[in-house]
$ cat my_file.cif   # mmCIF, C-alpha atoms
data_run
loop_
_atom_site.label_atom_id
_atom_site.label_comp_id
_atom_site.auth_asym_id
_atom_site.auth_seq_id
_atom_site.Cartn_x
_atom_site.Cartn_y
_atom_site.Cartn_z
CA MET N 269 -44.88 113.63 79.24
CA ALA N 270 -47.17 111.61 77.01
CA ASP N 271 -48.19 113.33 73.80
CA THR N 272 -51.95 113.09 74.02
CA LEU N 273 -54.72 114.76 72.10
CA ASN N 274 -57.00 116.83 74.29
CA ILE N 275 -60.52 117.36 72.98
CA GLY N 276 -62.69 119.35 75.35
CA GLY N 277 -60.82 118.05 78.39
CA HIS N 278 -60.77 114.42 77.23
CA GLU N 279 -57.31 112.96 76.69
CA LEU N 280 -56.90 110.61 73.75
CA GLY N 281 -53.81 108.49 73.23
CA SER N 282 -54.32 108.15 69.48
CA ARG N 283 -54.48 110.87 66.84
CA LEU N 284 -56.30 108.62 64.42
CA LEU N 285 -60.09 108.82 64.59
CA LEU N 286 -61.95 106.10 62.78
CA GLY N 287 -65.27 106.01 60.97
CA THR N 288 -67.23 102.75 61.08
CA GLY N 289 -69.12 102.99 57.78
CA LYS N 290 -68.58 100.94 54.62
CA PHE N 291 -67.06 97.89 56.32
CA SER N 292 -68.14 94.55 54.86
CA ASP N 293 -69.27 93.31 58.29
CA VAL N 294 -69.13 94.16 61.98
CA LEU N 295 -66.27 91.78 62.79
CA THR N 296 -64.05 93.33 60.10
CA MET N 297 -64.87 96.76 61.48
CA ILE N 298 -64.03 95.74 65.06
CA GLU N 299 -60.70 94.25 63.94
CA ALA N 300 -59.88 97.48 62.11
CA VAL N 301 -60.72 99.60 65.17
CA LYS N 302 -58.39 97.45 67.24
CA ALA N 303 -55.60 97.63 64.65
CA SER N 304 -55.97 101.40 64.33
CA GLY N 305 -55.50 102.03 68.05
CA SER N 306 -58.19 104.67 67.70
CA GLU N 307 -59.88 105.79 70.90
CA LEU N 308 -62.66 107.79 69.26
CA VAL N 309 -64.85 106.24 66.58
CA THR N 310 -67.85 107.64 64.78
CA VAL N 311 -71.21 105.91 64.40
CA ALA N 312 -74.38 106.91 62.57
CA LEU N 313 -78.06 106.62 63.44
CA ARG N 314 -80.60 104.87 61.24
CA ARG N 315 -84.17 103.74 61.59
CA PHE N 316 -84.54 100.39 63.32
CA ASN N 317 -85.31 97.58 60.89
CA ARG N 318 -86.12 94.20 62.36
CA ALA N 319 -84.73 92.42 59.33
CA GLN N 320 -81.32 94.04 59.86
CA ALA N 321 -81.22 93.74 63.64
CA GLU N 322 -78.10 91.54 63.56
CA ASP N 323 -76.14 94.41 62.02
CA ASP N 324 -76.24 96.39 65.26
CA LEU N 325 -72.71 97.41 66.13
CA TYR N 326 -73.26 99.19 69.42
CA GLY N 327 -72.82 96.01 71.47
CA PRO N 328 -69.48 94.95 69.93
CA LEU N 329 -68.12 98.53 69.96
CA SER N 330 -69.07 99.20 73.56
CA GLU N 331 -67.12 96.11 74.62
CA LEU N 332 -63.84 97.59 73.34
CA GLU N 333 -61.70 99.15 76.05
CA ASN N 334 -60.51 102.74 75.63
CA VAL N 335 -62.85 103.36 72.71
CA ARG N 336 -65.31 106.20 72.96
CA LEU N 337 -68.17 106.70 70.56
CA MET N 338 -68.82 109.87 68.63
CA PRO N 339 -72.28 109.73 67.03
CA ASN N 340 -72.57 111.75 63.85
CA THR N 341 -75.52 113.66 62.49
CA SER N 342 -75.30 112.13 59.03
CA GLY N 343 -78.57 112.36 57.15
CA ALA N 344 -79.48 115.72 58.66
CA MET N 345 -80.43 118.24 55.98
CA ASN N 346 -80.47 121.29 58.23
CA ALA N 347 -79.60 122.54 61.71
CA LYS N 348 -82.87 121.43 63.27
CA GLU N 349 -82.49 117.84 62.09
CA ALA N 350 -78.86 117.79 63.13
CA VAL N 351 -79.69 118.89 66.68
CA ARG N 352 -82.36 116.20 66.88
CA ALA N 353 -79.93 113.55 65.60
CA ALA N 354 -77.32 114.70 68.12
CA LEU N 355 -79.77 114.41 71.00
CA LEU N 356 -80.74 110.90 69.92
CA GLY N 357 -77.09 109.94 69.52
CA ARG N 358 -76.25 111.17 73.00
CA GLU N 359 -79.26 109.40 74.47
CA LEU N 360 -77.99 106.13 73.04
CA SER N 361 -74.23 106.50 73.39
CA LYS N 362 -74.09 108.51 76.64
CA SER N 363 -71.12 110.20 74.95
CA PRO N 364 -70.56 113.96 75.05
CA PHE N 365 -68.94 113.94 71.59
CA VAL N 366 -70.87 114.71 68.45
CA LYS N 367 -69.59 114.86 64.91
CA LEU N 368 -71.77 117.58 63.46
CA GLU N 369 -72.21 117.02 59.75
CA ILE N 370 -74.81 118.59 57.50
CA HIS N 371 -74.29 117.90 53.83
CA PRO N 372 -77.58 118.13 51.99
CA ASN N 373 -76.26 117.61 48.46
CA PRO N 374 -75.61 113.90 47.77
CA HIS N 375 -73.59 114.67 44.64
CA HIS N 376 -70.69 116.29 46.44
CA LEU N 377 -71.49 115.80 50.15
CA LEU N 378 -69.90 119.14 50.96
CA PRO N 379 -70.89 120.60 54.32
CA ASP N 380 -73.46 123.38 54.56
CA PRO N 381 -71.57 126.02 56.56
CA ILE N 382 -74.61 128.10 57.46
CA GLU N 383 -76.69 125.27 58.89
CA THR N 384 -73.58 123.79 60.54
CA TYR N 385 -72.86 127.07 62.33
CA ALA N 386 -76.47 127.38 63.52
CA ALA N 387 -76.53 123.80 64.80
CA ALA N 388 -73.17 124.22 66.53
CA ILE N 389 -74.46 127.17 68.55
CA GLU N 390 -77.41 125.11 69.80
CA LEU N 391 -75.37 121.98 70.54
CA VAL N 392 -72.73 123.89 72.49
CA LYS N 393 -75.58 125.37 74.56
CA GLN N 394 -76.74 121.83 75.27
CA ASP N 395 -73.29 120.85 76.57
CA PHE N 396 -72.11 118.73 73.67
CA LEU N 397 -68.47 118.51 72.69
CA VAL N 398 -69.07 119.62 69.13
CA LEU N 399 -66.71 118.55 66.34
CA PRO N 400 -68.09 120.08 63.15
CA TYR N 401 -67.21 118.72 59.72
CA ILE N 402 -66.60 121.84 57.66
CA PRO N 403 -65.24 123.19 54.41
CA ALA N 404 -61.58 124.15 54.82
CA ASP N 405 -62.55 127.75 55.51
CA PRO N 406 -60.36 129.59 58.05
CA VAL N 407 -63.03 132.21 58.77
CA LEU N 408 -65.70 129.62 59.53
CA ALA N 409 -63.25 127.58 61.60
CA LYS N 410 -62.47 130.61 63.74
CA ARG N 411 -66.15 131.45 64.17
CA LEU N 412 -66.85 127.88 65.32
CA GLU N 413 -63.99 128.11 67.80
CA ASP N 414 -65.38 131.40 69.11
CA ILE N 415 -68.79 129.87 69.87
CA GLY N 416 -67.26 127.00 71.82
CA CYS N 417 -66.72 124.05 69.50
CA ALA N 418 -64.30 121.46 70.93
CA ALA N 419 -62.44 121.00 67.63
CA VAL N 420 -62.88 121.73 63.94
CA MET N 421 -62.76 119.12 61.20
CA PRO N 422 -61.98 120.66 57.82
CA LEU N 423 -62.22 118.35 54.84
CA GLY N 424 -59.11 117.29 52.91
CA ALA N 425 -61.30 116.45 49.92
CA ALA N 426 -64.92 115.40 49.39
CA ILE N 427 -66.05 112.32 51.35
CA GLY N 428 -64.95 109.05 49.79
CA THR N 429 -63.03 110.62 46.91
CA GLY N 430 -59.57 109.70 48.14
CA LYS N 431 -58.17 112.92 46.71
CA GLY N 432 -56.03 113.57 49.75
CA LEU N 433 -55.09 116.97 51.14
CA SER N 434 -56.41 119.04 48.26
CA THR N 435 -57.22 121.85 50.70
CA ALA N 436 -53.75 121.87 52.30
CA GLU N 437 -53.11 125.61 51.93
CA MET N 438 -56.40 126.52 53.65
CA ILE N 439 -55.84 123.92 56.37
CA LYS N 440 -52.44 125.49 57.11
CA ILE N 441 -54.15 128.81 57.77
CA ILE N 442 -56.75 127.14 59.98
CA ILE N 443 -53.97 125.47 62.01
CA ARG N 444 -52.03 128.72 62.35
CA ASP N 445 -55.05 130.59 63.74
CA SER N 446 -56.68 127.84 65.80
CA ASN N 447 -56.62 127.35 69.55
CA ILE N 448 -58.65 124.14 69.38
CA PRO N 449 -57.67 120.85 67.72
CA VAL N 450 -57.77 120.76 63.93
CA ILE N 451 -58.70 117.34 62.59
CA VAL N 452 -58.64 116.62 58.87
CA ASP N 453 -61.78 114.68 58.07
CA ALA N 454 -62.58 113.13 54.72
CA GLY N 455 -60.72 112.64 51.49
CA LEU N 456 -57.63 110.84 52.74
CA ARG N 457 -56.60 107.79 50.76
CA ALA N 458 -53.11 106.83 51.89
CA PRO N 459 -51.20 106.70 55.19
CA SER N 460 -48.64 109.10 53.66
CA GLU N 461 -51.40 111.73 53.41
CA ALA N 462 -52.26 111.22 57.07
CA ALA N 463 -48.55 111.62 57.89
CA CYS N 464 -48.50 114.77 55.79
CA ALA N 465 -51.48 116.21 57.67
CA LEU N 466 -49.82 115.60 61.03
CA GLU N 467 -46.49 117.02 59.77
CA MET N 468 -48.35 120.20 58.82
CA GLY N 469 -49.52 120.50 62.41
CA CYS N 470 -52.97 118.96 62.24
CA ASP N 471 -53.83 117.50 65.62
CA ALA N 472 -55.46 114.35 64.23
CA VAL N 473 -57.15 112.84 61.19
CA LEU N 474 -60.45 111.04 60.82
CA VAL N 475 -60.39 108.19 58.31
CA ASN N 476 -63.13 105.88 57.15
CA SER N 477 -63.35 104.94 53.45
CA ALA N 478 -59.59 104.47 52.97
CA ILE N 479 -59.57 101.81 55.67
CA ALA N 480 -63.05 100.29 55.34
CA ALA N 481 -62.84 99.83 51.56
CA ALA N 482 -59.22 98.61 51.47
CA ASP N 483 -58.54 95.01 50.45
CA HIS N 484 -57.36 94.35 54.01
CA PRO N 485 -59.01 96.85 56.35
CA SER N 486 -57.20 95.97 59.58
CA ALA N 487 -53.81 96.02 57.83
CA MET N 488 -54.66 99.42 56.35
CA ALA N 489 -55.79 100.63 59.78
CA ALA N 490 -52.40 99.66 61.21
CA ALA N 491 -50.67 101.42 58.29
CA PHE N 492 -52.63 104.62 58.97
CA ALA N 493 -51.75 104.38 62.66
CA THR N 494 -48.07 104.23 61.70
CA GLY N 495 -48.45 107.14 59.29
CA VAL N 496 -50.13 109.27 61.94
CA LYS N 497 -47.45 108.47 64.49
CA ALA N 498 -44.65 109.27 62.03
CA GLY N 499 -46.26 112.55 61.01
CA ARG N 500 -46.78 113.65 64.58
CA ALA N 501 -43.24 112.67 65.57
CA ALA N 502 -41.87 114.67 62.62
CA TYR N 503 -43.96 117.69 63.56
CA LEU N 504 -42.69 117.58 67.13
CA ALA N 505 -39.10 117.04 65.93
CA GLY N 506 -39.31 120.23 63.84
CA LEU N 507 -39.11 120.13 60.06
CA ILE N 508 -36.48 122.27 58.40
CA PRO N 509 -37.75 125.26 56.45
CA ARG N 510 -38.05 125.03 52.66
CA SER N 511 -35.41 126.96 50.75
CA GLU N 512 -34.99 128.16 47.17
CA ILE N 513 -31.21 127.87 47.48
CA ALA N 514 -29.34 124.59 47.68
CA SER N 515 -27.34 123.88 50.78
CA ALA N 516 -24.79 121.08 50.64
CA SER N 517 -24.78 118.39 53.26
CA SER N 518 -21.19 117.32 52.49
CA PRO N 519 -17.99 119.42 52.37
CA LEU N 520 -17.41 120.91 48.91
CA THR N 521 -13.63 120.96 48.97
CA SER N 522 -12.63 120.46 45.35
CA PHE N 523 -9.78 118.01 46.00
CA LEU N 524 -10.83 115.53 43.32
CA SER N 525 -10.23 117.99 40.54
CA ALA N 526 -7.25 119.66 42.17
CA SER N 527 -4.15 119.68 39.97
CA ASP N 528 -0.92 117.99 41.14
CA ASP N 529 1.21 120.66 39.46
CA MET H 955 -104.10 101.76 68.42
CA GLU H 956 -102.88 103.16 65.10
CA LEU H 957 -99.37 104.63 65.18
CA THR H 958 -96.85 105.66 62.60
CA VAL H 959 -93.58 103.87 63.35
CA ASN H 960 -90.56 104.81 61.24
CA GLY H 961 -92.87 106.24 58.60
CA LYS H 962 -95.13 103.19 58.34
CA GLN H 963 -98.60 102.52 59.73
CA HIS H 964 -98.45 100.24 62.76
CA GLU H 965 -101.28 98.69 64.76
CA HIS H 966 -100.18 98.52 68.40
CA HIS H 967 -101.73 95.78 70.57
CA GLY H 968 -99.89 96.30 73.86
CA ASN H 969 -100.53 98.56 76.84
CA GLY H 970 -99.67 101.68 74.88
CA SER H 971 -96.38 102.47 76.60
CA VAL H 972 -93.25 103.22 74.62
CA ALA H 973 -91.62 100.17 76.22
CA ALA H 974 -94.47 97.93 75.05
CA LEU H 975 -94.16 99.21 71.51
CA LEU H 976 -90.42 98.50 71.44
CA THR H 977 -91.00 94.97 72.68
CA GLU H 978 -93.71 94.52 70.09
CA ILE H 979 -91.50 95.52 67.16
CA GLY H 980 -88.53 93.52 68.46
CA ALA H 981 -86.20 96.40 69.24
CA VAL H 982 -83.55 95.84 71.90
CA ASN H 983 -84.04 98.43 74.59
CA ASP H 984 -80.46 99.39 75.39
CA ARG H 985 -79.57 99.68 71.71
CA THR H 986 -82.42 101.91 70.72
CA ALA H 987 -83.09 105.64 70.79
CA LEU H 988 -86.57 106.95 70.37
CA MET H 989 -88.44 110.04 69.33
CA VAL H 990 -92.19 110.69 69.57
CA ASN H 991 -93.65 113.46 67.42
CA GLY H 992 -90.19 114.92 66.92
CA LYS H 993 -89.22 114.89 70.60
CA VAL H 994 -86.54 112.65 72.10
CA VAL H 995 -87.92 110.37 74.82
CA PRO H 996 -85.18 109.20 77.23
CA SER H 997 -85.09 105.49 78.01
CA ASN H 998 -85.64 105.95 81.75
CA ILE H 999 -89.25 107.03 81.13
CA TRP H 1000 -90.20 104.52 78.44
CA GLU H 1001 -92.21 102.37 80.86
CA ASN H 1002 -94.31 105.34 81.94
CA THR H 1003 -94.64 107.18 78.66
CA LEU H 1004 -98.00 106.43 77.07
CA LEU H 1005 -98.49 106.79 73.34
CA ARG H 1006 -101.63 108.24 71.80
CA ALA H 1007 -103.35 107.23 68.59
CA ASN H 1008 -101.65 108.61 65.47
CA ASP H 1009 -98.41 109.42 67.29
CA GLU H 1010 -95.40 109.44 65.02
CA VAL H 1011 -92.66 107.31 66.52
CA GLU H 1012 -89.10 107.09 65.25
CA VAL H 1013 -87.03 104.17 66.52
CA LEU H 1014 -83.32 104.46 65.79
CA VAL H 1015 -80.22 102.33 66.22
CA PHE H 1016 -76.53 102.86 65.60
CA VAL H 1017 -75.08 101.72 62.31
CA GLY H 1018 -71.66 102.16 60.77
CA GLY H 1019 -70.91 105.73 59.73
CA GLY H 1020 -67.97 108.02 59.17
#
$ encode --input "my_file.cif" --output "structure tokens"
Amino acid sequence: MADTLNIGGHELGSRLLLGTGKFSDVLTMIEAVKASGSELVTVALRRFNRAQAEDDLYGPLSELENVRLMPNTSGAMNAKEAVRAALLGRELSKSPFVKLEIHPNPHHLLPDPIETYAAAIELVKQDFLVLPYIPADPVLAKRLEDIGCAAVMPLGAAIGTGKGLSTAEMIKIIIRDSNIPVIVDAGLRAPSEAACALEMGCDAVLVNSAIAAADHPSAMAAAFATGVKAGRAAYLAGLIPRSEIASASSPLTSFLSASDD
Amino acid sequence: MELTVNGKQHEHHGNGSVAALLTEIGAVNDRTALMVNGKVVPSNIWENTLLRANDEVEVLVFVGGG
């Protein structure tokens, strides 16, 4: 049976979700999406500006097969604005997915858990598949599951910092208690960290900066895809437990030092 | 008719429908989402939705985002 990721009844063949921000141009972004194999990519909403009309990426993205859009609520300062952004995103994308993100402080971009929870309640009511970007807080994650979120997306580290899985211990608790997909979102810098997240039992990772700002974005996208696949395969294969006591992998018969006497 | 479009004053010269405004400002219909006075207006009623003077219109498009 194929190992697919199920988010709210939608089967995805890839466990790498891709953000489309920070790319130098639309073509580079499209090439990276293709190389990543991602089937769910995030987009943001901004005010229309005639002078920047050629930067529209909806057309090129919607031409990709097997790629679904997940509008985010970036820019929302509170629950009310996030709900409004989600409605606009759905109107445009016709996608049921929404990445709910409310991070009012530009200095650290950490999610506001209270506004996020309030917005999630409203968006679930309005039949969205809600994927909230949250602090790596097991209590909050469980509460969001209880109200009907389709997945939770705890941060590995602050957005764009590349500090990796700095919240690993909390994420492990979230995974242990969760009945919905756990997707590490933000902070990842290297494919090895994505592999690590999947080995821990995360269901997927969402990566943007590490790919978009790499010297060669599509090559980095392919590297992340490989990391994600390796991590998932290792998780399914079953990692051995850690041990404080050494355990030899070769026979310890002491024939080399044995006396001939 | 005076409107506020994306936070700026805008003098509309068309028939006053949402669709006419979008054409006027050069927005591509199927790539645009729209809100009037804080309320989302779905694209299937743009032709028949008439704006009133001083309405606040937000016209949004998708851009790259994580």
$ axis_aligned_box --input "my_file.cif" --around "stretch 1001-1010 of chain H" --padding-each-side "4 Å" --output "lines of an AutoDock Vina configuration file"
center_x = -97.8
center_y = 105.9
center_z = 73.5
size_x = 19.1
size_y = 15.1
size_z = 24.9
$ closest_residue --input "my_file.cif" --among "H:Ala1007, H:Val982, H:Val994, H:Leu976" --to "H:Gln963" --atoms "only C-alpha atoms"
H:Ala1007
$ interface_residues --input "my_file.cif" --of "chain H" --to "chain N" --cutoff "12 Å" --atoms "only C-alpha atoms" --output "PDB file with C-alpha atoms, keeping the file's coordinate frame"
ATOM      1  CA  VAL H 959     -93.580 103.870  63.350  1.00  0.00           C
ATOM      2  CA  ASN H 960     -90.560 104.810  61.240  1.00  0.00           C
ATOM      3  CA  GLY H 961     -92.870 106.240  58.600  1.00  0.00           C
ATOM      4  CA  LYS H 962     -95.130 103.190  58.340  1.00  0.00           C
ATOM      5  CA  LEU H 976     -90.420  98.500  71.440  1.00  0.00           C
ATOM      6  CA  THR H 977     -91.000  94.970  72.680  1.00  0.00           C
ATOM      7  CA  GLU H 978     -93.710  94.520  70.090  1.00  0.00           C
ATOM      8  CA  ILE H 979     -91.500  95.520  67.160  1.00  0.00           C
ATOM      9  CA  GLY H 980     -88.530  93.520  68.460  1.00  0.00           C
ATOM     10  CA  ALA H 981     -86.200  96.400  69.240  1.00  0.00           C
ATOM     11  CA  VAL H 982     -83.550  95.840  71.900  1.00  0.00           C
ATOM     12  CA  ASN H 983     -84.040  98.430  74.590  1.00  0.00           C
ATOM     13  CA  ASP H 984     -80.460  99.390  75.390  1.00  0.00           C
ATOM     14  CA  ARG H 985     -79.570  99.680  71.710  1.00  0.00           C
ATOM     15  CA  THR H 986     -82.420 101.910  70.720  1.00  0.00           C
ATOM     16  CA  ALA H 987     -83.090 105.640  70.790  1.00  0.00           C
ATOM     17  CA  LEU H 988     -86.570 106.950  70.370  1.00  0.00           C
ATOM     18  CA  MET H 989     -88.440 110.040  69.330  1.00  0.00           C
ATOM     19  CA  VAL H 990     -92.190 110.690  69.570  1.00  0.00           C
ATOM     20  CA  ASN H 991     -93.650 113.460  67.420  1.00  0.00           C
ATOM     21  CA  GLY H 992     -90.190 114.920  66.920  1.00  0.00           C
ATOM     22  CA  LYS H 993     -89.220 114.890  70.600  1.00  0.00           C
ATOM     23  CA  VAL H 994     -86.540 112.650  72.100  1.00  0.00           C
ATOM     24  CA  VAL H 995     -87.920 110.370  74.820  1.00  0.00           C
ATOM     25  CA  PRO H 996     -85.180 109.200  77.230  1.00  0.00           C
ATOM     26  CA  SER H 997     -85.090 105.490  78.010  1.00  0.00           C
ATOM     27  CA  ASN H 998     -85.640 105.950  81.750  1.00  0.00           C
ATOM     28  CA  VAL H1011     -92.660 107.310  66.520  1.00  0.00           C
ATOM     29  CA  GLU H1012     -89.100 107.090  65.250  1.00  0.00           C
ATOM     30  CA  VAL H1013     -87.030 104.170  66.520  1.00  0.00           C
ATOM     31  CA  LEU H1014     -83.320 104.460  65.790  1.00  0.00           C
ATOM     32  CA  VAL H1015     -80.220 102.330  66.220  1.00  0.00           C
ATOM     33  CA  PHE H1016     -76.530 102.860  65.600  1.00  0.00           C
ATOM     34  CA  VAL H1017     -75.080 101.720  62.310  1.00  0.00           C
ATOM     35  CA  GLY H1018     -71.660 102.160  60.770  1.00  0.00           C
ATOM     36  CA  GLY H1019     -70.910 105.730  59.730  1.00  0.00           C
ATOM     37  CA  GLY H1020     -67.970 108.020  59.170  1.00  0.00           C
TER      38      GLY H1020
END
$ closest_residue --input "my_file.cif" --among "N:Val452, N:Ile442, N:Ala490, N:Ala463" --to "N:Val407" --atoms "only C-alpha atoms"
N:Ile442
$ atom_distance --input "my_file.cif" --atom1 "atom CA of N:Leu273" --atom2 "atom CA of N:Asp445"
17.9 Å
$ atom_distance --input "my_file.cif" --atom1 "atom CA of N:Ile479" --atom2 "atom CA of N:Ala465"
16.6 Å
$ atom_distance --input "my_file.cif" --atom1 "atom CA of N:Ala387" --atom2 "atom CA of N:Gly281"
28.7 Å
$ resolve_selection --input "my_file.cif" --expression "the PyMOL selection byres ((chain N and resi 380) around 10)" --output "PyMOL selection string"
chain N and resi 345-347+369-373+377-379+381-385+401-403
$ residues_around --input "my_file.cif" --residues "N:Gly499" --least-positions-apart "3" --cutoff "6 Å" --atoms "only C-alpha atoms" --output "list in words"
Ala463, Leu466, Glu467, Val496 and Ala502 of chain N
$ write_last_selection --input "my_file.cif" --atoms "C-alpha atoms" --output "mmCIF file, in the coordinates of the input"
data_model
loop_
_atom_site.group_PDB
_atom_site.id
_atom_site.type_symbol
_atom_site.label_atom_id
_atom_site.label_comp_id
_atom_site.auth_asym_id
_atom_site.auth_seq_id
_atom_site.Cartn_x
_atom_site.Cartn_y
_atom_site.Cartn_z
ATOM 1 C CA ALA N 463 -48.550 111.620 57.890
ATOM 2 C CA LEU N 466 -49.820 115.600 61.030
ATOM 3 C CA GLU N 467 -46.490 117.020 59.770
ATOM 4 C CA VAL N 496 -50.130 109.270 61.940
ATOM 5 C CA ALA N 502 -41.870 114.670 62.620
#
$ resolve_selection --input "my_file.cif" --expression "the PyMOL selection byres ((chain N and resi 274) around 10)" --output "list in words"
Asp271, Thr272, Leu273, Ile275, Gly276, Gly277, His278, Glu279, Leu280, Gly281, Arg283, Ala418, Ala419, Ile448, Pro449 and Asp471 of chain N
$ residues_near_point --input "my_file.cif" --point "(-60.4, 126.4, 67.9)" --cutoff "10 Å" --atoms "all atoms listed in the file" --output "PyMOL selection string"
chain N and resi 409-420+442-443+445-450
$ write_last_selection --input "my_file.cif" --atoms "C-alpha atoms" --output "compact mmCIF listing (two decimals), in the frame of the given file"
# COMPACT_ATOMS: atom_id res chain seq x y z
CA ALA N 409 -63.25 127.58 61.60
CA LYS N 410 -62.47 130.61 63.74
CA ARG N 411 -66.15 131.45 64.17
CA LEU N 412 -66.85 127.88 65.32
CA GLU N 413 -63.99 128.11 67.80
CA ASP N 414 -65.38 131.40 69.11
CA ILE N 415 -68.79 129.87 69.87
CA GLY N 416 -67.26 127.00 71.82
CA CYS N 417 -66.72 124.05 69.50
CA ALA N 418 -64.30 121.46 70.93
CA ALA N 419 -62.44 121.00 67.63
CA VAL N 420 -62.88 121.73 63.94
CA ILE N 442 -56.75 127.14 59.98
CA ILE N 443 -53.97 125.47 62.01
CA ASP N 445 -55.05 130.59 63.74
CA SER N 446 -56.68 127.84 65.80
CA ASN N 447 -56.62 127.35 69.55
CA ILE N 448 -58.65 124.14 69.38
CA PRO N 449 -57.67 120.85 67.72
CA VAL N 450 -57.77 120.76 63.93
$ decode --input "my_file.cif" --residues "stretch 427-433 of chain N" --atoms "all heavy atoms" --output "mmCIF file, in the first residue's frame"
data_model
loop_
_atom_site.group_PDB
_atom_site.id
_atom_site.type_symbol
_atom_site.label_atom_id
_atom_site.label_comp_id
_atom_site.auth_asym_id
_atom_site.auth_seq_id
_atom_site.Cartn_x
_atom_site.Cartn_y
_atom_site.Cartn_z
ATOM 1 N N ILE N 427 10.609 31.630 12.016
ATOM 2 C CA ILE N 427 10.599 31.683 10.550
ATOM 3 C C ILE N 427 11.889 32.300 10.020
ATOM 4 O O ILE N 427 12.308 33.367 10.459
ATOM 5 C CB ILE N 427 9.400 32.530 10.065
ATOM 6 C CG1 ILE N 427 8.077 31.879 10.473
ATOM 7 C CG2 ILE N 427 9.434 32.702 8.541
ATOM 8 C CD1 ILE N 427 6.841 32.755 10.206
ATOM 9 N N GLY N 428 12.501 31.609 9.078
ATOM 10 C CA GLY N 428 13.656 32.162 8.374
ATOM 11 C C GLY N 428 14.968 32.128 9.141
ATOM 12 O O GLY N 428 15.987 32.591 8.640
ATOM 13 N N THR N 429 14.962 31.561 10.362
ATOM 14 C CA THR N 429 16.201 31.577 11.150
ATOM 15 C C THR N 429 17.130 30.422 10.809
ATOM 16 O O THR N 429 18.328 30.482 11.094
ATOM 17 C CB THR N 429 15.901 31.505 12.665
ATOM 18 O OG1 THR N 429 15.184 30.295 12.935
ATOM 19 C CG2 THR N 429 15.099 32.707 13.138
ATOM 20 N N GLY N 430 16.582 29.361 10.239
ATOM 21 C CA GLY N 430 17.430 28.217 9.906
ATOM 22 C C GLY N 430 18.039 27.540 11.117
ATOM 23 O O GLY N 430 19.099 26.929 11.031
ATOM 24 N N LYS N 431 17.387 27.650 12.254
ATOM 25 C CA LYS N 431 17.948 27.055 13.474
ATOM 26 C C LYS N 431 17.497 25.614 13.705
ATOM 27 O O LYS N 431 17.721 25.036 14.770
ATOM 28 C CB LYS N 431 17.616 27.927 14.684
ATOM 29 C CG LYS N 431 18.372 29.255 14.640
ATOM 30 C CD LYS N 431 18.222 30.031 15.918
ATOM 31 C CE LYS N 431 19.080 31.294 15.858
ATOM 32 N NZ LYS N 431 18.902 32.135 17.042
ATOM 33 N N GLY N 432 16.801 25.068 12.729
ATOM 34 C CA GLY N 432 16.497 23.635 12.766
ATOM 35 C C GLY N 432 15.451 23.256 13.791
ATOM 36 O O GLY N 432 14.578 24.044 14.140
ATOM 37 N N LEU N 433 15.586 22.029 14.301
ATOM 38 C CA LEU N 433 14.574 21.479 15.214
ATOM 39 C C LEU N 433 14.886 21.850 16.658
ATOM 40 O O LEU N 433 15.093 20.976 17.504
ATOM 41 C CB LEU N 433 14.523 19.957 15.063
ATOM 42 C CG LEU N 433 13.932 19.430 13.748
ATOM 43 C CD1 LEU N 433 14.197 17.943 13.615
ATOM 44 C CD2 LEU N 433 12.440 19.709 13.685
#
